[in-house]
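Colleague: Following this line is model.tsv, made up of TSV, N, CA and C atoms:
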```
chain	number	residue	atom	x	y	z
A	1	MET	N	5.72	12.20	-19.75
A	1	MET	CA	6.31	11.71	-18.53
A	1	MET	C	7.28	12.76	-17.99
A	2	VAL	N	7.25	12.92	-16.67
A	2	VAL	CA	8.09	13.91	-16.01
A	2	VAL	C	8.82	13.22	-14.87
A	3	ASP	N	10.12	13.48	-14.76
A	3	ASP	CA	10.90	12.93	-13.66
A	3	ASP	C	10.90	13.90	-12.49
A	4	ILE	N	10.77	13.33	-11.29
A	4	ILE	CA	10.79	14.12	-10.06
A	4	ILE	C	11.86	13.55	-9.13
A	5	ARG	N	12.07	14.26	-8.04
A	5	ARG	CA	13.03	13.83	-7.03
A	5	ARG	C	12.33	13.89	-5.68
A	6	ILE	N	12.41	12.81	-4.92
A	6	ILE	CA	11.89	12.72	-3.57
A	6	ILE	C	13.13	12.66	-2.68
A	7	HIS	N	13.28	13.65	-1.77
A	7	HIS	CA	14.54	13.68	-1.04
A	7	HIS	C	14.41	14.35	0.32
A	8	ASN	N	15.43	14.11	1.12
A	8	ASN	CA	15.64	14.82	2.39
A	8	ASN	C	17.14	14.90	2.59
A	9	GLN	N	17.59	15.14	3.81
A	9	GLN	CA	19.03	15.29	4.04
A	9	GLN	C	19.78	13.96	3.93
A	10	ASP	N	19.08	12.83	3.95
A	10	ASP	CA	19.73	11.53	3.95
A	10	ASP	C	19.67	10.78	2.62
A	11	PHE	N	18.75	11.10	1.75
A	11	PHE	CA	18.62	10.35	0.50
A	11	PHE	C	17.98	11.22	-0.58
A	12	SER	N	18.12	10.74	-1.81
A	12	SER	CA	17.47	11.36	-2.96
A	12	SER	C	17.08	10.24	-3.91
A	13	LEU	N	15.77	10.14	-4.19
A	13	LEU	CA	15.26	9.11	-5.09
A	13	LEU	C	14.61	9.76	-6.29
A	14	ARG	N	14.82	9.17	-7.44
A	14	ARG	CA	14.15	9.63	-8.65
A	14	ARG	C	12.87	8.84	-8.85
A	15	ALA	N	11.88	9.50	-9.42
A	15	ALA	CA	10.62	8.85	-9.76
A	15	ALA	C	10.11	9.45	-11.06
A	16	ARG	N	9.20	8.76	-11.70
A	16	ARG	CA	8.64	9.22	-12.97
A	16	ARG	C	7.12	9.33	-12.82
A	17	ILE	N	6.60	10.49	-13.22
A	17	ILE	CA	5.17	10.75	-13.18
A	17	ILE	C	4.61	10.53	-14.59
A	18	ASP	N	3.49	9.84	-14.68
A	18	ASP	CA	2.89	9.57	-15.99
A	18	ASP	C	2.12	10.79	-16.50
A	19	ASP	N	1.57	10.66	-17.68
A	19	ASP	CA	0.88	11.77	-18.32
A	19	ASP	C	-0.63	11.71	-18.12
A	20	SER	N	-1.07	11.11	-17.01
A	20	SER	CA	-2.49	11.09	-16.69
A	20	SER	C	-2.93	12.46	-16.16
A	21	GLU	N	-4.23	12.66	-16.03
A	21	GLU	CA	-4.73	13.92	-15.47
A	21	GLU	C	-4.18	14.15	-14.07
A	22	ILE	N	-4.19	13.11	-13.24
A	22	ILE	CA	-3.68	13.25	-11.88
A	22	ILE	C	-2.17	13.52	-11.92
A	23	GLY	N	-1.45	12.81	-12.76
A	23	GLY	CA	-0.01	13.04	-12.89
A	23	GLY	C	0.30	14.48	-13.27
A	24	ARG	N	-0.44	15.02	-14.23
A	24	ARG	CA	-0.21	16.42	-14.66
A	24	ARG	C	-0.51	17.39	-13.52
A	25	ARG	N	-1.56	17.11	-12.74
A	25	ARG	CA	-1.91	17.99	-11.61
A	25	ARG	C	-0.88	17.92	-10.50
A	26	ILE	N	-0.34	16.73	-10.26
A	26	ILE	CA	0.74	16.59	-9.27
A	26	ILE	C	1.94	17.43	-9.71
A	27	VAL	N	2.36	17.28	-10.95
A	27	VAL	CA	3.51	18.02	-11.45
A	27	VAL	C	3.27	19.53	-11.34
A	28	ALA	N	2.07	19.99	-11.67
A	28	ALA	CA	1.76	21.42	-11.60
A	28	ALA	C	1.80	21.94	-10.17
A	29	ALA	N	1.57	21.08	-9.17
A	29	ALA	CA	1.55	21.50	-7.77
A	29	ALA	C	2.94	21.47	-7.12
A	30	LEU	N	3.94	20.91	-7.80
A	30	LEU	CA	5.29	20.82	-7.23
A	30	LEU	C	5.89	22.21	-7.04
A	31	PRO	N	6.78	22.37	-6.07
A	31	PRO	CA	7.33	21.38	-5.15
A	31	PRO	C	6.47	21.23	-3.91
A	32	PHE	N	6.61	20.08	-3.26
A	32	PHE	CA	6.00	19.83	-1.96
A	32	PHE	C	7.10	19.84	-0.91
A	33	HIS	N	6.93	20.57	0.14
A	33	HIS	CA	7.78	20.53	1.34
A	33	HIS	C	6.83	20.07	2.43
A	34	THR	N	7.03	18.87	2.94
A	34	THR	CA	5.99	18.26	3.75
A	34	THR	C	6.57	17.35	4.82
A	35	HIS	N	5.75	17.03	5.78
A	35	HIS	CA	6.12	16.08	6.82
A	35	HIS	C	5.51	14.72	6.47
A	36	ALA	N	6.37	13.73	6.40
A	36	ALA	CA	5.95	12.38	6.03
A	36	ALA	C	5.08	11.76	7.10
A	37	ARG	N	4.10	11.01	6.66
A	37	ARG	CA	3.32	10.14	7.53
A	37	ARG	C	3.65	8.73	7.09
A	38	VAL	N	3.88	7.85	8.05
A	38	VAL	CA	4.29	6.48	7.75
A	38	VAL	C	3.19	5.53	8.19
A	39	TRP	N	2.78	4.65	7.28
A	39	TRP	CA	1.76	3.65	7.55
A	39	TRP	C	2.28	2.32	7.01
A	40	GLY	N	2.90	1.53	7.89
A	40	GLY	CA	3.57	0.32	7.42
A	40	GLY	C	4.70	0.74	6.50
A	41	GLN	N	4.73	0.16	5.31
A	41	GLN	CA	5.75	0.54	4.33
A	41	GLN	C	5.12	1.38	3.23
A	42	GLU	N	4.43	2.39	3.69
A	42	GLU	CA	3.89	3.45	2.82
A	42	GLU	C	4.21	4.78	3.49
A	43	ILE	N	4.65	5.71	2.67
A	43	ILE	CA	4.80	7.09	3.12
A	43	ILE	C	3.76	7.89	2.37
A	44	TYR	N	3.06	8.75	3.09
A	44	TYR	CA	2.07	9.60	2.44
A	44	TYR	C	2.09	10.97	3.08
A	45	PHE	N	1.56	11.94	2.36
A	45	PHE	CA	1.42	13.29	2.88
A	45	PHE	C	0.30	13.99	2.14
A	46	GLY	N	-0.36	14.90	2.83
A	46	GLY	CA	-1.46	15.64	2.23
A	46	GLY	C	-0.98	16.65	1.20
A	47	THR	N	-1.85	16.90	0.25
A	47	THR	CA	-1.61	17.93	-0.77
A	47	THR	C	-2.84	18.83	-0.81
A	48	SER	N	-2.76	19.88	-1.59
A	48	SER	CA	-3.91	20.77	-1.76
A	48	SER	C	-4.83	20.28	-2.88
A	49	LEU	N	-4.47	19.18	-3.53
A	49	LEU	CA	-5.24	18.68	-4.67
A	49	LEU	C	-6.52	17.99	-4.22
A	50	GLN	N	-7.56	18.20	-4.99
A	50	GLN	CA	-8.81	17.46	-4.80
A	50	GLN	C	-9.17	16.89	-6.16
A	51	VAL	N	-8.93	15.60	-6.30
A	51	VAL	CA	-9.06	14.93	-7.59
A	51	VAL	C	-9.98	13.73	-7.43
A	52	GLU	N	-10.87	13.53	-8.40
A	52	GLU	CA	-11.72	12.35	-8.41
A	52	GLU	C	-10.93	11.18	-8.98
A	53	LEU	N	-11.21	10.01	-8.45
A	53	LEU	CA	-10.52	8.81	-8.91
A	53	LEU	C	-11.02	8.36	-10.28
A	54	PRO	N	-10.12	7.84	-11.10
A	54	PRO	CA	-10.54	7.27	-12.37
A	54	PRO	C	-11.21	5.91	-12.12
A	55	PRO	N	-11.93	5.39	-13.11
A	55	PRO	CA	-12.63	4.10	-12.93
A	55	PRO	C	-11.72	2.93	-12.59
A	56	ASN	N	-10.45	2.99	-12.97
A	56	ASN	CA	-9.54	1.87	-12.72
A	56	ASN	C	-8.84	1.95	-11.36
A	57	ALA	N	-9.26	2.82	-10.48
A	57	ALA	CA	-8.64	2.94	-9.15
A	57	ALA	C	-8.84	1.65	-8.36
A	58	GLN	N	-7.83	1.28	-7.58
A	58	GLN	CA	-7.92	0.09	-6.76
A	58	GLN	C	-6.98	0.21	-5.58
A	59	ALA	N	-7.17	-0.63	-4.58
A	59	ALA	CA	-6.35	-0.60	-3.37
A	59	ALA	C	-5.06	-1.40	-3.52
A	60	ASP	N	-5.06	-2.42	-4.36
A	60	ASP	CA	-3.86	-3.24	-4.55
A	60	ASP	C	-2.89	-2.53	-5.48
A	61	VAL	N	-1.66	-2.32	-4.99
A	61	VAL	CA	-0.64	-1.61	-5.75
A	61	VAL	C	0.65	-2.42	-5.71
A	62	GLU	N	1.67	-1.91	-6.37
A	62	GLU	CA	2.96	-2.58	-6.44
A	62	GLU	C	4.01	-1.79	-5.67
A	63	VAL	N	5.06	-2.49	-5.22
A	63	VAL	CA	6.20	-1.81	-4.61
A	63	VAL	C	6.76	-0.82	-5.63
A	64	GLY	N	6.94	0.42	-5.19
A	64	GLY	CA	7.47	1.47	-6.07
A	64	GLY	C	6.41	2.36	-6.68
A	65	ASP	N	5.13	2.02	-6.52
A	65	ASP	CA	4.07	2.85	-7.09
A	65	ASP	C	3.91	4.15	-6.31
A	66	LEU	N	3.60	5.21	-7.04
A	66	LEU	CA	3.18	6.50	-6.48
A	66	LEU	C	1.69	6.63	-6.79
A	67	ALA	N	0.90	7.04	-5.82
A	67	ALA	CA	-0.54	7.07	-6.03
A	67	ALA	C	-1.17	8.23	-5.27
A	68	TYR	N	-2.39	8.57	-5.68
A	68	TYR	CA	-3.18	9.61	-5.03
A	68	TYR	C	-4.34	8.93	-4.29
A	69	TRP	N	-4.51	9.31	-3.00
A	69	TRP	CA	-5.58	8.77	-2.16
A	69	TRP	C	-6.52	9.91	-1.80
A	70	PRO	N	-7.75	9.92	-2.34
A	70	PRO	CA	-8.66	11.06	-2.17
A	70	PRO	C	-9.04	11.43	-0.74
A	71	PRO	N	-9.35	10.48	0.16
A	71	PRO	CA	-9.79	10.92	1.49
A	71	PRO	C	-8.79	11.84	2.21
A	72	GLY	N	-7.50	11.62	1.99
A	72	GLY	CA	-6.48	12.47	2.61
A	72	GLY	C	-5.88	13.47	1.65
A	73	HIS	N	-6.42	13.55	0.42
A	73	HIS	CA	-5.82	14.39	-0.64
A	73	HIS	C	-4.32	14.09	-0.69
A	74	ALA	N	-3.97	12.81	-0.60
A	74	ALA	CA	-2.60	12.41	-0.29
A	74	ALA	C	-1.83	11.86	-1.49
A	75	PHE	N	-0.56	12.21	-1.48
A	75	PHE	CA	0.48	11.67	-2.34
A	75	PHE	C	1.05	10.49	-1.57
A	76	CYS	N	0.99	9.28	-2.14
A	76	CYS	CA	1.41	8.06	-1.45
A	76	CYS	C	2.57	7.41	-2.19
A	77	ILE	N	3.51	6.90	-1.41
A	77	ILE	CA	4.66	6.18	-1.95
A	77	ILE	C	4.65	4.80	-1.31
A	78	PHE	N	4.48	3.76	-2.11
A	78	PHE	CA	4.38	2.40	-1.60
A	78	PHE	C	5.71	1.68	-1.80
A	79	PHE	N	6.24	1.08	-0.70
A	79	PHE	CA	7.52	0.37	-0.82
A	79	PHE	C	7.53	-0.96	-0.08
A	80	GLY	N	6.36	-1.45	0.30
A	80	GLY	CA	6.25	-2.75	0.95
A	80	GLY	C	4.88	-2.91	1.57
A	81	PRO	N	4.72	-3.93	2.40
A	81	PRO	CA	3.40	-4.19	3.00
A	81	PRO	C	2.93	-3.05	3.90
A	82	THR	N	1.64	-2.86	3.91
A	82	THR	CA	0.99	-1.88	4.79
A	82	THR	C	0.12	-2.66	5.78
A	83	PRO	N	-0.45	-2.00	6.78
A	83	PRO	CA	-1.33	-2.72	7.72
A	83	PRO	C	-2.51	-3.43	7.05
A	84	ASP	N	-2.93	-2.99	5.86
A	84	ASP	CA	-4.04	-3.65	5.16
A	84	ASP	C	-3.58	-4.76	4.21
A	85	SER	N	-2.28	-4.99	4.12
A	85	SER	CA	-1.75	-6.00	3.20
A	85	SER	C	-2.04	-7.41	3.68
A	86	GLU	N	-2.16	-8.29	2.72
A	86	GLU	CA	-2.17	-9.72	2.97
A	86	GLU	C	-1.00	-10.28	2.18
A	87	GLY	N	0.10	-10.53	2.87
A	87	GLY	CA	1.32	-10.95	2.19
A	87	GLY	C	2.28	-9.79	2.05
A	88	ASP	N	3.15	-9.88	1.03
A	88	ASP	CA	4.23	-8.91	0.86
A	88	ASP	C	3.89	-7.71	-0.01
A	89	ARG	N	2.76	-7.75	-0.68
A	89	ARG	CA	2.39	-6.65	-1.58
A	89	ARG	C	1.75	-5.51	-0.80
A	90	PRO	N	2.01	-4.28	-1.22
A	90	PRO	CA	1.34	-3.15	-0.58
A	90	PRO	C	-0.15	-3.13	-0.91
A	91	ARG	N	-0.89	-2.62	0.03
A	91	ARG	CA	-2.33	-2.41	-0.18
A	91	ARG	C	-2.69	-1.09	0.48
A	92	ALA	N	-3.30	-0.21	-0.30
A	92	ALA	CA	-3.70	1.11	0.21
A	92	ALA	C	-4.90	0.96	1.14
A	93	ALA	N	-5.16	2.00	1.91
A	93	ALA	CA	-6.29	2.02	2.84
A	93	ALA	C	-7.63	2.05	2.11
A	94	GLY	N	-7.61	2.40	0.86
A	94	GLY	CA	-8.79	2.44	0.01
A	94	GLY	C	-8.33	2.60	-1.43
A	95	PRO	N	-9.25	2.69	-2.37
A	95	PRO	CA	-8.85	2.84	-3.77
A	95	PRO	C	-7.98	4.07	-3.98
A	96	VAL	N	-6.94	3.89	-4.79
A	96	VAL	CA	-6.02	4.96	-5.15
A	96	VAL	C	-5.85	4.99	-6.66
A	97	ALA	N	-5.34	6.10	-7.14
A	97	ALA	CA	-4.99	6.24	-8.56
A	97	ALA	C	-3.48	6.28	-8.68
A	98	VAL	N	-2.90	5.27	-9.28
A	98	VAL	CA	-1.46	5.24	-9.49
A	98	VAL	C	-1.13	6.24	-10.60
A	99	PHE	N	-0.15	7.12	-10.32
A	99	PHE	CA	0.24	8.15	-11.29
A	99	PHE	C	1.73	8.16	-11.57
A	100	GLY	N	2.48	7.26	-10.95
A	100	GLY	CA	3.92	7.26	-11.18
A	100	GLY	C	4.60	6.09	-10.52
A	101	ARG	N	5.93	6.10	-10.62
A	101	ARG	CA	6.71	4.96	-10.15
A	101	ARG	C	8.11	5.43	-9.76
A	102	LEU	N	8.63	4.85	-8.67
A	102	LEU	CA	10.01	5.10	-8.29
A	102	LEU	C	10.94	4.53	-9.36
A	103	LEU	N	12.02	5.24	-9.64
A	103	LEU	CA	13.03	4.75	-10.57
A	103	LEU	C	14.23	4.17	-9.83
A	104	ASP	N	14.43	4.61	-8.59
A	104	ASP	CA	15.57	4.17	-7.79
A	104	ASP	C	15.13	3.16	-6.73
A	105	ASP	N	16.12	2.52	-6.13
A	105	ASP	CA	15.90	1.54	-5.07
A	105	ASP	C	15.12	2.18	-3.92
A	106	HIS	N	14.06	1.55	-3.50
A	106	HIS	CA	13.17	2.10	-2.46
A	106	HIS	C	13.71	1.95	-1.04
A	107	ARG	N	14.77	1.18	-0.82
A	107	ARG	CA	15.21	0.87	0.54
A	107	ARG	C	15.49	2.08	1.43
A	108	PRO	N	15.98	3.22	0.94
A	108	PRO	CA	16.16	4.36	1.84
A	108	PRO	C	14.85	4.82	2.51
A	109	LEU	N	13.72	4.53	1.89
A	109	LEU	CA	12.43	4.93	2.47
A	109	LEU	C	12.13	4.19	3.77
A	110	THR	N	12.73	3.03	3.96
A	110	THR	CA	12.47	2.26	5.18
A	110	THR	C	12.99	2.97	6.43
A	111	PHE	N	13.86	3.96	6.26
A	111	PHE	CA	14.43	4.68	7.40
A	111	PHE	C	13.70	5.99	7.70
A	112	VAL	N	12.73	6.35	6.88
A	112	VAL	CA	11.99	7.59	7.11
A	112	VAL	C	11.08	7.43	8.32
A	113	LYS	N	11.14	8.40	9.21
A	113	LYS	CA	10.32	8.39	10.43
A	113	LYS	C	9.09	9.27	10.25
A	114	ASP	N	8.02	8.92	10.96
A	114	ASP	CA	6.80	9.71	10.93
A	114	ASP	C	7.12	11.15	11.32
A	115	GLY	N	6.66	12.10	10.54
A	115	GLY	CA	6.89	13.51	10.81
A	115	GLY	C	8.15	14.08	10.20
A	116	GLU	N	9.00	13.24	9.62
A	116	GLU	CA	10.25	13.70	9.00
A	116	GLU	C	9.97	14.57	7.79
A	117	LEU	N	10.76	15.61	7.61
A	117	LEU	CA	10.59	16.53	6.49
A	117	LEU	C	11.08	15.91	5.19
A	118	LEU	N	10.23	15.98	4.16
A	118	LEU	CA	10.56	15.53	2.81
A	118	LEU	C	10.31	16.66	1.83
A	119	GLU	N	11.02	16.59	0.72
A	119	GLU	CA	10.77	17.51	-0.39
A	119	GLU	C	10.54	16.69	-1.65
A	120	VAL	N	9.56	17.08	-2.43
A	120	VAL	CA	9.31	16.46	-3.73
A	120	VAL	C	9.38	17.59	-4.74
A	121	SER	N	10.27	17.45	-5.72
A	121	SER	CA	10.50	18.52	-6.69
A	121	SER	C	10.78	17.94	-8.06
A	122	LEU	N	10.77	18.81	-9.06
A	122	LEU	CA	11.17	18.38	-10.39
A	122	LEU	C	12.63	17.94	-10.36
A	123	ALA	N	12.96	16.93	-11.16
A	123	ALA	CA	14.34	16.42	-11.18
A	123	ALA	C	15.21	17.34	-12.01
```
Now, as a test, write the supplied structure out as structure tokens.

Modeller:
Amino acid sequence: MVDIRIHNQDFSLRARIDDSEIGRRIVAALPFHTHARVWGQEIYFGTSLQVELPPNAQADVEVGDLAYWPPGHAFCIFFGPTPDSEGDRPRAAGPVAVFGRLLDDHRPLTFVKDGELLEVSLA
């Protein structure tokens, strides 16, 4: 397990990446300096990674999950309902592979605007 930091000029959140193949590849690709895309209460951004999903991939995730979405080669941060949700739980646009989890309170993410600069780095 590896701890990372997701931050910008207004906040800094800690997260933990698991020891899965996707988790190890995410850690190896750090740092990311990227512009956030906002989809409901999900922030995502493209990466250079091209990873196949494991058999247990699914669209239903939990608040605080970090996941990889193959169509966008995207790093996703889920912190509430998305346009595909039914109820209060997040739901990805398609199957994702969860590779980590936020350790800190997710509420600062609610203020992130589409296109805002984020950095993801080792903690």

Colleague: Need the axis-aligned box for stretch 11-25 of chain A with 3 Å each side, so what are the centre and edges in Å to one decimal, as AutoDock Vina command-line options?

Modeller:
```
--center_x 7.0 --center_y 13.4 --center_z -8.3 --size_x 29.5 --size_y 15.2 --size_z 26.1
```

Colleague: Would you kindly return, as a PyMOL selection string, each protein, DNA or RNA residue with an atom no farther than 12 Å from any atom of A:Ile4, considering only C-alpha atoms and excluding same-chain residues fewer than 2 positions away?

Modeller: chain A and resi 1-2+6-7+12-18+23+26-28+30-32+66+100-104+119-123

Colleague: Could you save those same residues with N, CA and C atoms as a PDB file, keeping the file's coordinate frame?

Modeller:
```pdb
ATOM      1  N   MET A   1       5.720  12.200 -19.750  1.00  0.00           N
ATOM      2  CA  MET A   1       6.310  11.710 -18.530  1.00  0.00           C
ATOM      3  C   MET A   1       7.280  12.760 -17.990  1.00  0.00           C
ATOM      4  N   VAL A   2       7.250  12.920 -16.670  1.00  0.00           N
ATOM      5  CA  VAL A   2       8.090  13.910 -16.010  1.00  0.00           C
ATOM      6  C   VAL A   2       8.820  13.220 -14.870  1.00  0.00           C
ATOM      7  N   ILE A   6      12.410  12.810  -4.920  1.00  0.00           N
ATOM      8  CA  ILE A   6      11.890  12.720  -3.570  1.00  0.00           C
ATOM      9  C   ILE A   6      13.130  12.660  -2.680  1.00  0.00           C
ATOM     10  N   HIS A   7      13.280  13.650  -1.770  1.00  0.00           N
ATOM     11  CA  HIS A   7      14.540  13.680  -1.040  1.00  0.00           C
ATOM     12  C   HIS A   7      14.410  14.350   0.320  1.00  0.00           C
ATOM     13  N   SER A  12      18.120  10.740  -1.810  1.00  0.00           N
ATOM     14  CA  SER A  12      17.470  11.360  -2.960  1.00  0.00           C
ATOM     15  C   SER A  12      17.080  10.240  -3.910  1.00  0.00           C
ATOM     16  N   LEU A  13      15.770  10.140  -4.190  1.00  0.00           N
ATOM     17  CA  LEU A  13      15.260   9.110  -5.090  1.00  0.00           C
ATOM     18  C   LEU A  13      14.610   9.760  -6.290  1.00  0.00           C
ATOM     19  N   ARG A  14      14.820   9.170  -7.440  1.00  0.00           N
ATOM     20  CA  ARG A  14      14.150   9.630  -8.650  1.00  0.00           C
ATOM     21  C   ARG A  14      12.870   8.840  -8.850  1.00  0.00           C
ATOM     22  N   ALA A  15      11.880   9.500  -9.420  1.00  0.00           N
ATOM     23  CA  ALA A  15      10.620   8.850  -9.760  1.00  0.00           C
ATOM     24  C   ALA A  15      10.110   9.450 -11.060  1.00  0.00           C
ATOM     25  N   ARG A  16       9.200   8.760 -11.700  1.00  0.00           N
ATOM     26  CA  ARG A  16       8.640   9.220 -12.970  1.00  0.00           C
ATOM     27  C   ARG A  16       7.120   9.330 -12.820  1.00  0.00           C
ATOM     28  N   ILE A  17       6.600  10.490 -13.220  1.00  0.00           N
ATOM     29  CA  ILE A  17       5.170  10.750 -13.180  1.00  0.00           C
ATOM     30  C   ILE A  17       4.610  10.530 -14.590  1.00  0.00           C
ATOM     31  N   ASP A  18       3.490   9.840 -14.680  1.00  0.00           N
ATOM     32  CA  ASP A  18       2.890   9.570 -15.990  1.00  0.00           C
ATOM     33  C   ASP A  18       2.120  10.790 -16.500  1.00  0.00           C
ATOM     34  N   GLY A  23      -1.450  12.810 -12.760  1.00  0.00           N
ATOM     35  CA  GLY A  23      -0.010  13.040 -12.890  1.00  0.00           C
ATOM     36  C   GLY A  23       0.300  14.480 -13.270  1.00  0.00           C
ATOM     37  N   ILE A  26      -0.340  16.730 -10.260  1.00  0.00           N
ATOM     38  CA  ILE A  26       0.740  16.590  -9.270  1.00  0.00           C
ATOM     39  C   ILE A  26       1.940  17.430  -9.710  1.00  0.00           C
ATOM     40  N   VAL A  27       2.360  17.280 -10.950  1.00  0.00           N
ATOM     41  CA  VAL A  27       3.510  18.020 -11.450  1.00  0.00           C
ATOM     42  C   VAL A  27       3.270  19.530 -11.340  1.00  0.00           C
ATOM     43  N   ALA A  28       2.070  19.990 -11.670  1.00  0.00           N
ATOM     44  CA  ALA A  28       1.760  21.420 -11.600  1.00  0.00           C
ATOM     45  C   ALA A  28       1.800  21.940 -10.170  1.00  0.00           C
ATOM     46  N   LEU A  30       3.940  20.910  -7.800  1.00  0.00           N
ATOM     47  CA  LEU A  30       5.290  20.820  -7.230  1.00  0.00           C
ATOM     48  C   LEU A  30       5.890  22.210  -7.040  1.00  0.00           C
ATOM     49  N   PRO A  31       6.780  22.370  -6.070  1.00  0.00           N
ATOM     50  CA  PRO A  31       7.330  21.380  -5.150  1.00  0.00           C
ATOM     51  C   PRO A  31       6.470  21.230  -3.910  1.00  0.00           C
ATOM     52  N   PHE A  32       6.610  20.080  -3.260  1.00  0.00           N
ATOM     53  CA  PHE A  32       6.000  19.830  -1.960  1.00  0.00           C
ATOM     54  C   PHE A  32       7.100  19.840  -0.910  1.00  0.00           C
ATOM     55  N   LEU A  66       3.600   5.210  -7.040  1.00  0.00           N
ATOM     56  CA  LEU A  66       3.180   6.500  -6.480  1.00  0.00           C
ATOM     57  C   LEU A  66       1.690   6.630  -6.790  1.00  0.00           C
ATOM     58  N   GLY A 100       2.480   7.260 -10.950  1.00  0.00           N
ATOM     59  CA  GLY A 100       3.920   7.260 -11.180  1.00  0.00           C
ATOM     60  C   GLY A 100       4.600   6.090 -10.520  1.00  0.00           C
ATOM     61  N   ARG A 101       5.930   6.100 -10.620  1.00  0.00           N
ATOM     62  CA  ARG A 101       6.710   4.960 -10.150  1.00  0.00           C
ATOM     63  C   ARG A 101       8.110   5.430  -9.760  1.00  0.00           C
ATOM     64  N   LEU A 102       8.630   4.850  -8.670  1.00  0.00           N
ATOM     65  CA  LEU A 102      10.010   5.100  -8.290  1.00  0.00           C
ATOM     66  C   LEU A 102      10.940   4.530  -9.360  1.00  0.00           C
ATOM     67  N   LEU A 103      12.020   5.240  -9.640  1.00  0.00           N
ATOM     68  CA  LEU A 103      13.030   4.750 -10.570  1.00  0.00           C
ATOM     69  C   LEU A 103      14.230   4.170  -9.830  1.00  0.00           C
ATOM     70  N   ASP A 104      14.430   4.610  -8.590  1.00  0.00           N
ATOM     71  CA  ASP A 104      15.570   4.170  -7.790  1.00  0.00           C
ATOM     72  C   ASP A 104      15.130   3.160  -6.730  1.00  0.00           C
ATOM     73  N   GLU A 119      11.020  16.590   0.720  1.00  0.00           N
ATOM     74  CA  GLU A 119      10.770  17.510  -0.390  1.00  0.00           C
ATOM     75  C   GLU A 119      10.540  16.690  -1.650  1.00  0.00           C
ATOM     76  N   VAL A 120       9.560  17.080  -2.430  1.00  0.00           N
ATOM     77  CA  VAL A 120       9.310  16.460  -3.730  1.00  0.00           C
ATOM     78  C   VAL A 120       9.380  17.590  -4.740  1.00  0.00           C
ATOM     79  N   SER A 121      10.270  17.450  -5.720  1.00  0.00           N
ATOM     80  CA  SER A 121      10.500  18.520  -6.690  1.00  0.00           C
ATOM     81  C   SER A 121      10.780  17.940  -8.060  1.00  0.00           C
ATOM     82  N   LEU A 122      10.770  18.810  -9.060  1.00  0.00           N
ATOM     83  CA  LEU A 122      11.170  18.380 -10.390  1.00  0.00           C
ATOM     84  C   LEU A 122      12.630  17.940 -10.360  1.00  0.00           C
ATOM     85  N   ALA A 123      12.960  16.930 -11.160  1.00  0.00           N
ATOM     86  CA  ALA A 123      14.340  16.420 -11.180  1.00  0.00           C
ATOM     87  C   ALA A 123      15.210  17.340 -12.010  1.00  0.00           C
TER      88      ALA A 123
END
```

Colleague: Quick one: DSSP strand (DSSP E or B) residues in chain A, as a ChimeraX atom specification?

Modeller: /A:2-7,12-17,32-35,37-38,42-46,58-60,65-69,74-78,91-102,117-122

Colleague: Tell me, in Å to one decimal, how far atom C of A:Ala93 is from atom C of A:Glu116.

Modeller: 22.3 Å

Colleague: Using the chain letters and numbers from this document, which residues of chain A does DSSP assign to helix (DSSP H, G or I), as an mmCIF file with N, CA and C atoms, in the coordinates of the input?

Modeller:
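The new file result_16.cif reads:
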```cif
data_model
loop_
_atom_site.group_PDB
_atom_site.id
_atom_site.type_symbol
_atom_site.label_atom_id
_atom_site.label_comp_id
_atom_site.auth_asym_id
_atom_site.auth_seq_id
_atom_site.Cartn_x
_atom_site.Cartn_y
_atom_site.Cartn_z
ATOM 1 N N GLU A 21 -4.230 12.660 -16.030
ATOM 2 C CA GLU A 21 -4.730 13.920 -15.470
ATOM 3 C C GLU A 21 -4.180 14.150 -14.070
ATOM 4 N N ILE A 22 -4.190 13.110 -13.240
ATOM 5 C CA ILE A 22 -3.680 13.250 -11.880
ATOM 6 C C ILE A 22 -2.170 13.520 -11.920
ATOM 7 N N GLY A 23 -1.450 12.810 -12.760
ATOM 8 C CA GLY A 23 -0.010 13.040 -12.890
ATOM 9 C C GLY A 23 0.300 14.480 -13.270
ATOM 10 N N ARG A 24 -0.440 15.020 -14.230
ATOM 11 C CA ARG A 24 -0.210 16.420 -14.660
ATOM 12 C C ARG A 24 -0.510 17.390 -13.520
ATOM 13 N N ARG A 25 -1.560 17.110 -12.740
ATOM 14 C CA ARG A 25 -1.910 17.990 -11.610
ATOM 15 C C ARG A 25 -0.880 17.920 -10.500
ATOM 16 N N ILE A 26 -0.340 16.730 -10.260
ATOM 17 C CA ILE A 26 0.740 16.590 -9.270
ATOM 18 C C ILE A 26 1.940 17.430 -9.710
ATOM 19 N N VAL A 27 2.360 17.280 -10.950
ATOM 20 C CA VAL A 27 3.510 18.020 -11.450
ATOM 21 C C VAL A 27 3.270 19.530 -11.340
ATOM 22 N N ALA A 28 2.070 19.990 -11.670
ATOM 23 C CA ALA A 28 1.760 21.420 -11.600
ATOM 24 C C ALA A 28 1.800 21.940 -10.170
ATOM 25 N N ALA A 29 1.570 21.080 -9.170
ATOM 26 C CA ALA A 29 1.550 21.500 -7.770
ATOM 27 C C ALA A 29 2.940 21.470 -7.120
ATOM 28 N N PRO A 70 -7.750 9.920 -2.340
ATOM 29 C CA PRO A 70 -8.660 11.060 -2.170
ATOM 30 C C PRO A 70 -9.040 11.430 -0.740
ATOM 31 N N PRO A 71 -9.350 10.480 0.160
ATOM 32 C CA PRO A 71 -9.790 10.920 1.490
ATOM 33 C C PRO A 71 -8.790 11.840 2.210
ATOM 34 N N GLY A 72 -7.500 11.620 1.990
ATOM 35 C CA GLY A 72 -6.480 12.470 2.610
ATOM 36 C C GLY A 72 -5.880 13.470 1.650
ATOM 37 N N ARG A 107 14.770 1.180 -0.820
ATOM 38 C CA ARG A 107 15.210 0.870 0.540
ATOM 39 C C ARG A 107 15.490 2.080 1.430
ATOM 40 N N PRO A 108 15.980 3.220 0.940
ATOM 41 C CA PRO A 108 16.160 4.360 1.840
ATOM 42 C C PRO A 108 14.850 4.820 2.510
ATOM 43 N N LEU A 109 13.720 4.530 1.890
ATOM 44 C CA LEU A 109 12.430 4.930 2.470
ATOM 45 C C LEU A 109 12.130 4.190 3.770
ATOM 46 N N THR A 110 12.730 3.030 3.960
ATOM 47 C CA THR A 110 12.470 2.260 5.180
ATOM 48 C C THR A 110 12.990 2.970 6.430
ATOM 49 N N PHE A 111 13.860 3.960 6.260
ATOM 50 C CA PHE A 111 14.430 4.680 7.400
ATOM 51 C C PHE A 111 13.700 5.990 7.700
#
```
